[in-house]
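File shown: protein30.csv (CSV, C-alpha atoms).
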chain,number,residue,atom,x,y,z
A,1,MET,CA,29.3,-6.9,-35.3
A,2,LYS,CA,27.2,-4.0,-34.2
A,3,VAL,CA,27.0,-4.2,-30.4
A,4,THR,CA,23.7,-2.6,-29.4
A,5,GLU,CA,22.7,-1.6,-25.8
A,6,GLU,CA,20.2,-4.4,-25.8
A,7,ILE,CA,23.0,-7.0,-26.5
A,8,LEU,CA,25.1,-5.6,-23.7
A,9,ASN,CA,22.2,-5.6,-21.3
A,10,LYS,CA,21.3,-9.2,-22.3
A,11,TYR,CA,24.9,-10.1,-21.8
A,12,ILE,CA,24.7,-8.8,-18.2
A,13,ASP,CA,21.5,-10.6,-17.5
A,14,GLY,CA,22.8,-13.8,-19.1
A,15,GLU,CA,20.1,-13.9,-21.7
A,16,LEU,CA,22.2,-14.0,-24.9
A,17,GLU,CA,21.8,-16.9,-27.3
A,18,PRO,CA,25.0,-19.0,-27.3
A,19,GLU,CA,25.9,-18.1,-30.9
A,20,ILE,CA,25.5,-14.4,-30.3
A,21,LEU,CA,27.5,-14.7,-27.1
A,22,GLU,CA,30.3,-16.4,-28.9
A,23,GLU,CA,30.3,-13.8,-31.6
A,24,LEU,CA,30.3,-11.0,-29.0
A,25,ASN,CA,33.2,-12.5,-27.1
A,26,ASP,CA,35.1,-12.7,-30.4
A,27,HIS,CA,34.2,-9.1,-31.2
A,28,LEU,CA,35.3,-7.8,-27.8
A,29,THR,CA,38.8,-9.0,-28.3
A,30,LYS,CA,39.0,-6.6,-31.3
A,31,SER,CA,36.9,-3.6,-30.2
A,32,LYS,CA,38.4,-1.7,-27.3
A,33,GLU,CA,35.5,0.8,-27.4
A,34,ASP,CA,32.8,-1.9,-27.0
A,35,LEU,CA,34.8,-3.6,-24.3
A,36,GLU,CA,34.9,-0.4,-22.4
A,37,ARG,CA,31.1,-0.1,-22.7
A,38,LEU,CA,30.7,-3.6,-21.4
A,39,ARG,CA,33.1,-3.0,-18.5
A,40,ALA,CA,31.3,0.1,-17.5
A,41,LEU,CA,28.0,-1.7,-17.5
A,42,GLN,CA,29.5,-4.6,-15.5
A,43,ALA,CA,30.9,-2.2,-13.0
A,44,LEU,CA,27.5,-0.5,-12.7
A,45,HIS,CA,25.7,-3.8,-12.4
A,46,ARG,CA,28.1,-4.9,-9.5
A,47,SER,CA,27.7,-1.6,-7.7
A,48,LEU,CA,23.9,-1.6,-8.0
A,49,SER,CA,23.8,-5.2,-6.6
A,50,LYS,CA,25.9,-4.1,-3.6
A,51,ILE,CA,24.0,-0.9,-2.8
A,52,GLU,CA,22.6,-0.8,0.7
A,53,LEU,CA,19.1,-0.1,1.7
A,54,GLU,CA,18.0,3.2,3.3
A,55,GLU,CA,16.8,2.9,6.9
A,56,THR,CA,13.5,4.3,8.2
A,57,PRO,CA,13.7,6.8,11.1
A,58,GLU,CA,13.9,5.3,14.6
A,59,GLY,CA,10.5,4.3,16.1
A,60,PHE,CA,8.9,3.9,12.7
A,61,THR,CA,7.3,0.5,13.5
A,62,ARG,CA,6.1,1.8,16.8
A,63,ALA,CA,4.4,4.8,15.1
A,64,VAL,CA,2.6,2.6,12.6
A,65,MET,CA,1.4,0.1,15.2
A,66,PHE,CA,0.2,3.1,17.4
A,67,ARG,CA,-1.9,4.3,14.4
A,68,ILE,CA,-3.2,0.8,13.8
A,69,ASN,CA,-4.2,0.2,17.5
A,70,LYS,CA,-5.8,3.7,17.6
A,71,LYS,CA,-7.8,2.9,14.5
A,72,ASN,CA,-8.9,-0.5,15.9
A,73,LYS,CA,-9.9,1.1,19.2
A,74,ALA,CA,-12.1,3.6,17.4
A,75,ARG,CA,-13.6,0.9,15.3
A,76,HIS,CA,-14.4,-1.2,18.4
A,77,GLU,CA,-16.0,1.8,20.1
A,78,GLN,CA,-18.1,2.4,17.0
A,79,LYS,CA,-19.2,-1.2,16.9
A,80,TYR,CA,-20.0,-1.2,20.6
A,81,PHE,CA,-22.2,1.9,20.3
A,82,ILE,CA,-24.1,0.5,17.3
A,83,GLY,CA,-24.5,-2.7,19.1
A,84,ILE,CA,-26.0,-1.0,22.2
A,85,ILE,CA,-28.4,1.0,20.0
A,86,THR,CA,-29.4,-2.1,18.1
A,87,SER,CA,-29.9,-4.1,21.3
A,88,ILE,CA,-32.1,-1.5,22.8
A,89,PHE,CA,-34.2,-1.3,19.7
A,90,ILE,CA,-34.5,-5.1,19.5
A,91,LEU,CA,-35.3,-5.4,23.3
A,92,PHE,CA,-38.0,-2.7,22.9
A,93,SER,CA,-39.5,-4.5,20.0
A,94,ILE,CA,-39.4,-7.9,21.8
A,95,ALA,CA,-41.0,-6.3,24.9
A,96,ILE,CA,-43.9,-4.9,22.9
A,97,SER,CA,-44.4,-8.1,20.9
A,98,GLY,CA,-44.2,-10.2,24.0
A,99,TYR,CA,-46.7,-8.0,25.8
A,100,VAL,CA,-49.1,-8.3,22.9
A,101,LEU,CA,-48.7,-12.0,22.6
A,102,TYR,CA,-49.1,-12.4,26.3
A,103,LEU,CA,-52.4,-10.6,26.2
A,104,ILE,CA,-53.6,-12.6,23.3
A,105,ALA,CA,-52.4,-15.9,24.8
A,106,SER,CA,-54.0,-15.2,28.2
A,107,SER,CA,-57.3,-14.3,26.5
A,108,SER,CA,-57.1,-17.4,24.2
A,109,ASN,CA,-56.7,-19.8,27.2
A,110,THR,CA,-60.0,-18.8,28.6
A,111,THR,CA,-62.1,-18.8,25.4
A,112,ASN,CA,-60.1,-21.2,23.2
A,113,GLN,CA,-62.0,-20.2,20.1
A,114,MET,CA,-60.4,-18.9,16.9
A,115,GLY,CA,-63.1,-16.3,16.2
A,116,GLU,CA,-62.8,-14.8,19.6
A,117,THR,CA,-59.0,-14.8,19.4
A,118,PHE,CA,-59.2,-12.6,16.3
A,119,THR,CA,-61.6,-10.4,18.0
A,120,ASN,CA,-59.2,-10.1,20.9
A,121,ILE,CA,-56.3,-9.3,18.6
A,122,LYS,CA,-58.4,-6.5,17.1
A,123,SER,CA,-59.4,-5.2,20.5
A,124,TYR,CA,-55.8,-5.3,21.8
A,125,THR,CA,-54.5,-3.6,18.7
A,126,GLN,CA,-57.1,-0.9,19.4
A,127,VAL,CA,-55.9,-0.7,23.0
A,128,ILE,CA,-52.2,-0.2,21.7
A,129,THR,CA,-53.4,2.4,19.2
A,130,ASP,CA,-55.2,4.3,21.9
A,131,LEU,CA,-52.2,4.1,24.2
A,132,LEU,CA,-49.9,5.4,21.5
A,133,GLU,CA,-52.4,8.2,20.7
A,134,LYS,CA,-52.5,9.1,24.4
A,135,LEU,CA,-48.7,9.1,24.5
A,136,PHE,CA,-48.2,11.3,21.5
A,137,SER,CA,-50.8,13.9,22.5
A,138,GLY,CA,-50.8,16.8,24.9
A,139,ASN,CA,-48.2,17.1,27.6
A,140,ASN,CA,-46.9,13.5,27.0
A,141,MET,CA,-46.0,14.5,23.5
A,142,THR,CA,-43.8,17.3,24.9
A,143,ILE,CA,-42.0,14.9,27.3
A,144,LEU,CA,-41.5,12.2,24.7
A,145,GLY,CA,-40.3,14.8,22.2
A,146,SER,CA,-37.8,16.1,24.7
A,147,ILE,CA,-36.5,12.6,25.5
A,148,LEU,CA,-36.3,11.8,21.8
A,149,SER,CA,-34.4,15.0,21.0
A,150,ILE,CA,-31.9,14.5,23.8
A,151,THR,CA,-31.3,10.9,22.6
A,152,ILE,CA,-30.8,12.1,19.0
A,153,LEU,CA,-28.5,14.9,20.0
A,154,GLY,CA,-26.5,12.6,22.3
A,155,SER,CA,-26.2,10.0,19.4
A,156,ALA,CA,-25.3,12.7,16.9
A,157,TYR,CA,-22.6,14.1,19.2
A,158,TYR,CA,-21.2,10.6,19.8
A,159,PHE,CA,-21.1,9.8,16.0
A,160,PHE,CA,-19.5,13.2,15.4
A,161,GLU,CA,-16.8,12.4,17.9
A,162,ILE,CA,-16.2,9.0,16.3
A,163,PHE,CA,-15.9,10.4,12.8
A,164,LYS,CA,-13.7,13.3,14.1
A,165,GLY,CA,-11.4,10.6,15.6
A,166,ILE,CA,-11.3,8.6,12.3
A,167,LYS,CA,-10.6,11.7,10.3
A,168,SER,CA,-7.7,12.7,12.5
A,169,ASN,CA,-6.4,9.1,12.3
A,170,ILE,CA,-6.4,9.4,8.5
A,171,THR,CA,-4.8,12.8,8.4
A,172,SER,CA,-2.2,12.1,11.1
B,1,MET,CA,14.6,-19.9,15.6
B,2,LYS,CA,12.0,-21.0,13.0
B,3,ASN,CA,11.6,-18.6,10.1
B,4,ILE,CA,8.0,-17.4,10.0
B,5,THR,CA,6.6,-16.9,6.5
B,6,ASP,CA,4.6,-13.9,5.4
B,7,ILE,CA,1.5,-16.0,5.0
B,8,GLU,CA,1.8,-17.3,8.6
B,9,VAL,CA,2.2,-13.8,9.9
B,10,ILE,CA,-0.9,-12.7,7.9
B,11,GLU,CA,-2.9,-15.6,9.2
B,12,SER,CA,-2.0,-14.7,12.7
B,13,VAL,CA,-2.9,-11.1,12.2
B,14,LEU,CA,-6.3,-12.1,10.7
B,15,LYS,CA,-6.9,-14.3,13.7
B,16,GLY,CA,-6.7,-11.3,15.9
B,17,ASN,CA,-3.0,-11.0,16.8
B,18,GLN,CA,-2.7,-7.5,15.3
B,19,ASN,CA,0.6,-6.9,17.0
B,20,ASP,CA,2.2,-9.5,14.7
B,21,PHE,CA,1.8,-7.0,11.9
B,22,ALA,CA,4.9,-5.4,13.3
B,23,LEU,CA,6.8,-8.4,11.9
B,24,LEU,CA,5.8,-7.5,8.4
B,25,ILE,CA,6.6,-3.8,9.0
B,26,ASP,CA,10.1,-4.6,10.2
B,27,LYS,CA,10.7,-6.9,7.3
B,28,TYR,CA,9.6,-4.5,4.5
B,29,LYS,CA,10.0,-1.0,5.9
B,30,ASN,CA,13.6,-0.4,4.8
B,31,LYS,CA,13.1,-1.8,1.3
B,32,ALA,CA,9.9,0.1,0.7
B,33,PHE,CA,11.5,3.3,2.2
B,34,SER,CA,14.4,3.0,-0.2
B,35,MET,CA,12.0,2.8,-3.1
B,36,LEU,CA,9.9,5.7,-1.9
B,37,LYS,CA,12.9,7.9,-1.2
B,38,ARG,CA,14.1,7.4,-4.8
B,39,MET,CA,10.6,8.1,-6.2
B,40,LEU,CA,9.7,11.0,-4.0
B,41,ARG,CA,13.2,12.4,-3.4
B,42,ASN,CA,12.2,13.6,0.0
B,43,ASP,CA,12.7,11.8,3.4
B,44,SER,CA,9.6,13.1,5.2
B,45,ASP,CA,7.3,12.5,2.2
B,46,ALA,CA,8.7,8.9,1.9
B,47,GLU,CA,8.1,8.3,5.6
B,48,GLU,CA,4.6,9.7,5.6
B,49,VAL,CA,3.7,7.7,2.4
B,50,LEU,CA,5.2,4.5,3.9
B,51,GLN,CA,3.1,4.8,7.0
B,52,ASP,CA,0.0,5.2,4.8
B,53,CYS,CA,1.0,2.2,2.8
B,54,PHE,CA,1.3,0.0,5.9
B,55,MET,CA,-2.1,1.3,7.1
B,56,LYS,CA,-3.6,0.5,3.7
B,57,ALA,CA,-2.0,-3.0,3.7
B,58,TYR,CA,-3.3,-3.7,7.2
B,59,LYS,CA,-6.8,-2.6,6.3
B,60,ALA,CA,-6.8,-4.6,3.0
B,61,LEU,CA,-5.1,-7.7,4.6
B,62,ASN,CA,-8.4,-9.6,4.3
B,63,ASN,CA,-8.3,-9.1,0.5
B,64,PHE,CA,-4.8,-10.6,0.2
B,65,LYS,CA,-5.5,-14.1,-1.3
B,66,GLY,CA,-2.0,-15.3,-1.4
B,67,ASP,CA,-2.0,-15.8,-5.2
B,68,ALA,CA,1.0,-13.6,-5.5
B,69,LYS,CA,3.8,-13.0,-2.9
B,70,PHE,CA,3.0,-10.6,-0.2
B,71,SER,CA,6.0,-8.5,-1.2
B,72,THR,CA,4.7,-8.0,-4.7
B,73,TRP,CA,1.2,-7.1,-3.4
B,74,PHE,CA,2.7,-4.7,-0.9
B,75,TYR,CA,5.1,-3.0,-3.3
B,76,ARG,CA,2.2,-2.5,-5.6
B,77,ILE,CA,0.4,-0.6,-2.8
B,78,VAL,CA,3.7,1.4,-2.3
B,79,TYR,CA,4.1,2.2,-5.9
B,80,ASN,CA,0.5,3.3,-6.5
B,81,THR,CA,0.5,5.4,-3.3
B,82,ALA,CA,3.7,7.1,-4.3
B,83,LEU,CA,2.2,7.8,-7.8
B,84,THR,CA,-0.8,9.4,-6.0
B,85,LYS,CA,1.5,11.5,-3.9
B,86,LEU,CA,3.5,12.6,-6.9
B,87,SER,CA,0.4,13.6,-8.8
B,88,ALA,CA,-0.9,15.4,-5.7
B,89,LYS,CA,2.3,17.4,-5.8
B,90,LYS,CA,1.4,18.2,-9.4
B,91,ARG,CA,4.6,17.0,-10.8
B,92,LYS,CA,2.8,15.7,-13.8
B,93,ILE,CA,5.0,12.7,-14.3
B,94,GLU,CA,2.2,10.3,-14.9
B,95,SER,CA,3.0,10.0,-18.6
B,96,GLU,CA,6.6,9.1,-18.1
B,97,MET,CA,5.8,6.4,-15.6
B,98,ILE,CA,4.7,3.8,-18.1
B,99,SER,CA,5.6,5.2,-21.5
B,100,ILE,CA,8.8,3.7,-23.0
B,101,ASP,CA,8.9,6.1,-25.9
B,102,ASP,CA,9.5,9.3,-24.1
B,103,HIS,CA,13.1,9.1,-23.1
B,104,ASP,CA,14.5,12.2,-24.6
B,105,ASP,CA,15.6,13.7,-21.3
B,106,LEU,CA,17.1,10.5,-19.8
B,107,GLU,CA,20.6,11.4,-20.8
B,108,ASP,CA,20.1,15.1,-20.1
B,109,ARG,CA,19.1,14.4,-16.5
B,110,SER,CA,22.2,12.5,-15.8
B,111,ILE,CA,24.8,14.8,-17.2
B,112,ASN,CA,25.2,17.2,-14.3
B,113,ILE,CA,27.1,14.9,-11.9
B,114,SER,CA,30.2,16.8,-11.2
B,115,GLU,CA,30.5,16.7,-7.5
B,116,GLN,CA,33.0,14.5,-5.6
B,117,PHE,CA,31.7,11.6,-3.7
B,118,SER,CA,33.2,9.8,-0.7
B,119,ASP,CA,32.3,6.3,-2.0
B,120,SER,CA,30.7,4.5,-4.9
B,121,THR,CA,27.4,4.0,-3.1
B,122,GLU,CA,26.9,7.8,-2.8
B,123,LEU,CA,27.8,8.2,-6.4
B,124,ILE,CA,25.4,5.5,-7.5
B,125,ASN,CA,22.6,6.9,-5.3
B,126,LYS,CA,23.2,10.3,-6.9
B,127,MET,CA,23.0,8.9,-10.4
B,128,ILE,CA,19.8,6.9,-9.6
B,129,GLU,CA,18.2,10.1,-8.3
B,130,LYS,CA,18.7,11.6,-11.7
B,131,LEU,CA,16.5,9.0,-13.3
B,132,PRO,CA,12.8,9.5,-13.8
B,133,PRO,CA,10.7,7.9,-11.0
B,134,SER,CA,9.6,4.9,-13.0
B,135,TYR,CA,13.2,4.1,-14.0
B,136,SER,CA,14.5,4.5,-10.5
B,137,THR,CA,11.7,2.3,-9.3
B,138,VAL,CA,12.6,-0.5,-11.8
B,139,ILE,CA,16.3,-0.2,-10.7
B,140,ASN,CA,15.3,-0.3,-7.1
B,141,LEU,CA,12.9,-3.3,-7.4
B,142,PHE,CA,15.4,-5.2,-9.5
B,143,TYR,CA,18.6,-4.7,-7.5
B,144,MET,CA,17.5,-3.8,-4.0
B,145,GLU,CA,14.3,-5.8,-3.6
B,146,GLU,CA,15.6,-8.5,-5.9
B,147,LEU,CA,12.3,-8.9,-7.8
B,148,ASN,CA,12.4,-10.4,-11.2
B,149,CYS,CA,11.0,-8.6,-14.3
B,150,ASP,CA,7.7,-10.6,-14.1
B,151,GLU,CA,7.2,-9.5,-10.5
B,152,ILE,CA,8.2,-5.9,-11.3
B,153,SER,CA,5.6,-5.9,-14.1
B,154,LYS,CA,2.9,-6.9,-11.6
B,155,VAL,CA,4.0,-4.2,-9.2
B,156,MET,CA,4.0,-1.5,-11.8
B,157,ASN,CA,1.0,-2.9,-13.7
B,158,THR,CA,2.9,-3.0,-17.0
B,159,SER,CA,4.2,-5.6,-19.4
B,160,VAL,CA,7.4,-7.6,-18.8
B,161,ALA,CA,8.8,-6.3,-22.1
B,162,ASN,CA,8.2,-2.7,-20.9
B,163,VAL,CA,10.0,-3.5,-17.6
B,164,LYS,CA,13.0,-4.9,-19.5
B,165,VAL,CA,13.1,-1.8,-21.8
B,166,MET,CA,13.1,0.5,-18.8
B,167,LEU,CA,15.7,-1.6,-17.0
B,168,HIS,CA,18.0,-1.6,-20.1
B,169,ARG,CA,17.5,2.1,-20.7
B,170,SER,CA,18.2,3.0,-17.1
B,171,ARG,CA,21.4,1.0,-17.0
B,172,SER,CA,22.5,2.3,-20.4
B,173,ALA,CA,21.9,5.9,-19.3
B,174,LEU,CA,23.9,5.3,-16.1
B,175,LYS,CA,26.6,3.5,-18.0
B,176,ASP,CA,26.9,6.5,-20.4
B,177,ILE,CA,27.6,8.8,-17.4
B,178,ILE,CA,30.2,6.4,-16.1
B,179,ILE,CA,32.0,6.4,-19.4
B,180,LYS,CA,31.6,10.1,-20.0
B,181,LYS,CA,32.9,11.0,-16.5
B,182,ASN,CA,35.4,8.2,-16.5
B,183,LEU,CA,34.0,6.7,-13.3
B,184,ILE,CA,34.8,3.1,-13.8
B,185,PRO,CA,37.8,3.2,-11.3
B,186,GLU,CA,35.5,4.7,-8.7
B,187,LEU,CA,33.1,1.8,-9.0
B,188,LEU,CA,35.7,-1.0,-9.0

Rendering of file as structure tokens:
Amino acid sequence: MKVTEEILNKYIDGELEPEILEELNDHLTKSKEDLERLRALQALHRSLSKIELEETPEGFTRAVMFRINKKNKARHEQKYFIGIITSIFILFSIAISGYVLYLIASSSNTTNQMGETFTNIKSYTQVITDLLEKLFSGNNMTILGSILSITILGSAYYFFEIFKGIKSNITS
Amino acid sequence: MKNITDIEVIESVLKGNQNDFALLIDKYKNKAFSMLKRMLRNDSDAEEVLQDCFMKAYKALNNFKGDAKFSTWFYRIVYNTALTKLSAKKRKIESEMISIDDHDDLEDRSINISEQFSDSTELINKMIEKLPPSYSTVINLFYMEELNCDEISKVMNTSVANVKVMLHRSRSALKDIIIKKNLIPELL
């Protein structure tokens, strides 16, 4: 019988067919060389099964949890900031819409006629357009531009700090 | 004390108890560290990669569906991250990770064991170190993590037959050293 490496390995794993197993057992009583091969493999198998695990350095779990908590904190801050910006924008939009609706509604109450309501909408739209034109012209434009620039710069700096934090989290 | 399953821990983490993730870290850190040390052959690289693996696992915990065991899913992250690290170090071992045909140097790698060892564990560790990373990973997952060939194939993204071939060839290569150096008494 030719005892291949596959046969020996299957013997170790208990995967040999009963007939081949019987033939092998019979063969091993006659072949000292193959028996030595099997004994070496069995010794290796036992040693590998008993091998102990390597231990991580002390404080490993703490270090990973610290990184996780730091990352979560940065994510919360980012969400908080985006939430504030979104809320301001929504509140601003609601305020404008509310104001326009209020003007329309108060006007509609007195006249109660659809045609006049549409005329009113048109006139109030004109009022808002005039107001915006007034805001974005002359000195007002300079003031608004400055406020807008400061807001953009502040936001950009905040975002830069957040991304710097995330980047350092990833690289650390 | 009641044994908490991995799934229960994951559910708890996903509910917002993020500190429960430490339970999973404690459970798998030494097993994964042993695997990484054998693949990367460097303590600090192994520790750094393992931290990244836990971070990735935490981040992707929502994607864990529970179809496979958490251990299989996590070891897959570990294995792939280690491969990325190895390729970043330009060791160019990618081809030997999966191929079962390129084993010419398997015996050559293991011949130079001539030092004296205090115990059989040290000797075995030294011999495993001589194996290519894919082979040492198979040995590690099979014996130390006690995964079966099917689970190992999922971790390494290869076929079960391929895993068995790698396992057999690793053992045969190690066995040949044992015979050549007459190390059977050392292991008994």

Quote the spacing between atom CA of A:Phe163 and atom CA of B:Tyr58 in Å to one decimal place.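 According to the coordinates, atom CA of A:Phe163 and atom CA of B:Tyr58 are separated by 19.7 Å.
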
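Distances from A:Gly165, A:Glu52, A:His27, A:Tyr80 to chain B were compared using all atoms listed in the file, and the smallest one belongs to A:Glu52.
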
Taking only residues of chain A that have an atom at most 9 Å from an atom of chain B, what is each one's shortest atom pair and its distance in Å to one decimal, using all atoms listed in the file, in chain and number order, as JSON lines?
{"residue": "A:Glu5", "atom": "CA", "partner": "B:Ser172", "partner_atom": "CA", "distance": 6.7}
{"residue": "A:Glu6", "atom": "CA", "partner": "B:His168", "partner_atom": "CA", "distance": 6.7}
{"residue": "A:Leu8", "atom": "CA", "partner": "B:His168", "partner_atom": "CA", "distance": 8.9}
{"residue": "A:Asn9", "atom": "CA", "partner": "B:His168", "partner_atom": "CA", "distance": 5.9}
{"residue": "A:Lys10", "atom": "CA", "partner": "B:His168", "partner_atom": "CA", "distance": 8.6}
{"residue": "A:Glu36", "atom": "CA", "partner": "B:Ile179", "partner_atom": "CA", "distance": 8.0}
{"residue": "A:Arg37", "atom": "CA", "partner": "B:Ile179", "partner_atom": "CA", "distance": 7.3}
{"residue": "A:Leu38", "atom": "CA", "partner": "B:Lys175", "partner_atom": "CA", "distance": 8.9}
{"residue": "A:Arg39", "atom": "CA", "partner": "B:Ile184", "partner_atom": "CA", "distance": 7.9}
{"residue": "A:Ala40", "atom": "CA", "partner": "B:Lys175", "partner_atom": "CA", "distance": 5.8}
{"residue": "A:Leu41", "atom": "CA", "partner": "B:Lys175", "partner_atom": "CA", "distance": 5.4}
{"residue": "A:Gln42", "atom": "CA", "partner": "B:Lys175", "partner_atom": "CA", "distance": 9.0}
{"residue": "A:Ala43", "atom": "CA", "partner": "B:Leu187", "partner_atom": "CA", "distance": 6.1}
{"residue": "A:Leu44", "atom": "CA", "partner": "B:Lys175", "partner_atom": "CA", "distance": 6.7}
{"residue": "A:His45", "atom": "CA", "partner": "B:Arg171", "partner_atom": "CA", "distance": 7.9}
{"residue": "A:Arg46", "atom": "CA", "partner": "B:Leu187", "partner_atom": "CA", "distance": 8.4}
{"residue": "A:Ser47", "atom": "CA", "partner": "B:Leu187", "partner_atom": "CA", "distance": 6.5}
{"residue": "A:Leu48", "atom": "CA", "partner": "B:Tyr143", "partner_atom": "CA", "distance": 6.2}
{"residue": "A:Ser49", "atom": "CA", "partner": "B:Tyr143", "partner_atom": "CA", "distance": 5.3}
{"residue": "A:Lys50", "atom": "CA", "partner": "B:Thr121", "partner_atom": "CA", "distance": 8.3}
{"residue": "A:Ile51", "atom": "CA", "partner": "B:Thr121", "partner_atom": "CA", "distance": 6.0}
{"residue": "A:Glu52", "atom": "CA", "partner": "B:Met144", "partner_atom": "CA", "distance": 7.6}
{"residue": "A:Leu53", "atom": "CA", "partner": "B:Ser34", "partner_atom": "CA", "distance": 5.9}
{"residue": "A:Glu54", "atom": "CA", "partner": "B:Ser34", "partner_atom": "CA", "distance": 5.0}
{"residue": "A:Glu55", "atom": "CA", "partner": "B:Asn30", "partner_atom": "CA", "distance": 5.1}
{"residue": "A:Thr56", "atom": "CA", "partner": "B:Asn30", "partner_atom": "CA", "distance": 5.8}
{"residue": "A:Pro57", "atom": "CA", "partner": "B:Glu47", "partner_atom": "CA", "distance": 8.0}
{"residue": "A:Phe60", "atom": "CA", "partner": "B:Gln51", "partner_atom": "CA", "distance": 8.2}
{"residue": "A:Thr61", "atom": "CA", "partner": "B:Ile25", "partner_atom": "CA", "distance": 6.3}
{"residue": "A:Arg62", "atom": "CA", "partner": "B:Ala22", "partner_atom": "CA", "distance": 8.1}
{"residue": "A:Ala63", "atom": "CA", "partner": "B:Gln51", "partner_atom": "CA", "distance": 8.2}
{"residue": "A:Val64", "atom": "CA", "partner": "B:Gln51", "partner_atom": "CA", "distance": 6.0}
{"residue": "A:Met65", "atom": "CA", "partner": "B:Ala22", "partner_atom": "CA", "distance": 6.8}
{"residue": "A:Arg67", "atom": "CA", "partner": "B:Met55", "partner_atom": "CA", "distance": 7.9}
{"residue": "A:Ile68", "atom": "CA", "partner": "B:Met55", "partner_atom": "CA", "distance": 6.8}
{"residue": "A:Asn69", "atom": "CA", "partner": "B:Gln18", "partner_atom": "CA", "distance": 8.1}
{"residue": "A:Ile170", "atom": "CA", "partner": "B:Asp52", "partner_atom": "CA", "distance": 8.5}

Of B:Lys126, B:Lys180, B:Arg41, B:Lys56, the one nearest to B:Arg76 when counting only C-alpha atoms is B:Lys56

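One distance worth recording is that between atom CA of A:Glu17 and atom CA of B:Asn148, which is 19.7 Å.
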
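Atom pair atom CA of A:Leu16 / atom CA of A:Asp34 has a distance of 16.2 Å (rounded to one decimal).
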
Have a look at A:Glu19, A:Glu161, A:Asp26, A:Glu58 and name the one nearest to A:Glu77; count all atoms listed in the file. A:Glu161

For B:Ala88, work out the shell of residues within 12 Å, counting all atoms listed in the file and skipping chain neighbours fewer than 6 positions away, then give it as a list in words.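 That gives Leu40, Asp45, Thr81, Ala82 and Glu94 of chain B.
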
What's around B:Ile152 at 9 Å? Count only C-alpha atoms, leave out sequence neighbours fewer than 5 positions away in its own chain, and write the answer as a PDB file with C-alpha atoms, in the frame of the given file.
ATOM      1  CA  THR B  72       4.700  -8.000  -4.700  1.00  0.00           C
ATOM      2  CA  ARG B  76       2.200  -2.500  -5.600  1.00  0.00           C
ATOM      3  CA  VAL B 138      12.600  -0.500 -11.800  1.00  0.00           C
ATOM      4  CA  LEU B 141      12.900  -3.300  -7.400  1.00  0.00           C
ATOM      5  CA  PHE B 142      15.400  -5.200  -9.500  1.00  0.00           C
ATOM      6  CA  LEU B 147      12.300  -8.900  -7.800  1.00  0.00           C
ATOM      7  CA  ASN B 157       1.000  -2.900 -13.700  1.00  0.00           C
ATOM      8  CA  THR B 158       2.900  -3.000 -17.000  1.00  0.00           C
ATOM      9  CA  VAL B 160       7.400  -7.600 -18.800  1.00  0.00           C
ATOM     10  CA  VAL B 163      10.000  -3.500 -17.600  1.00  0.00           C
TER      11      VAL B 163
END
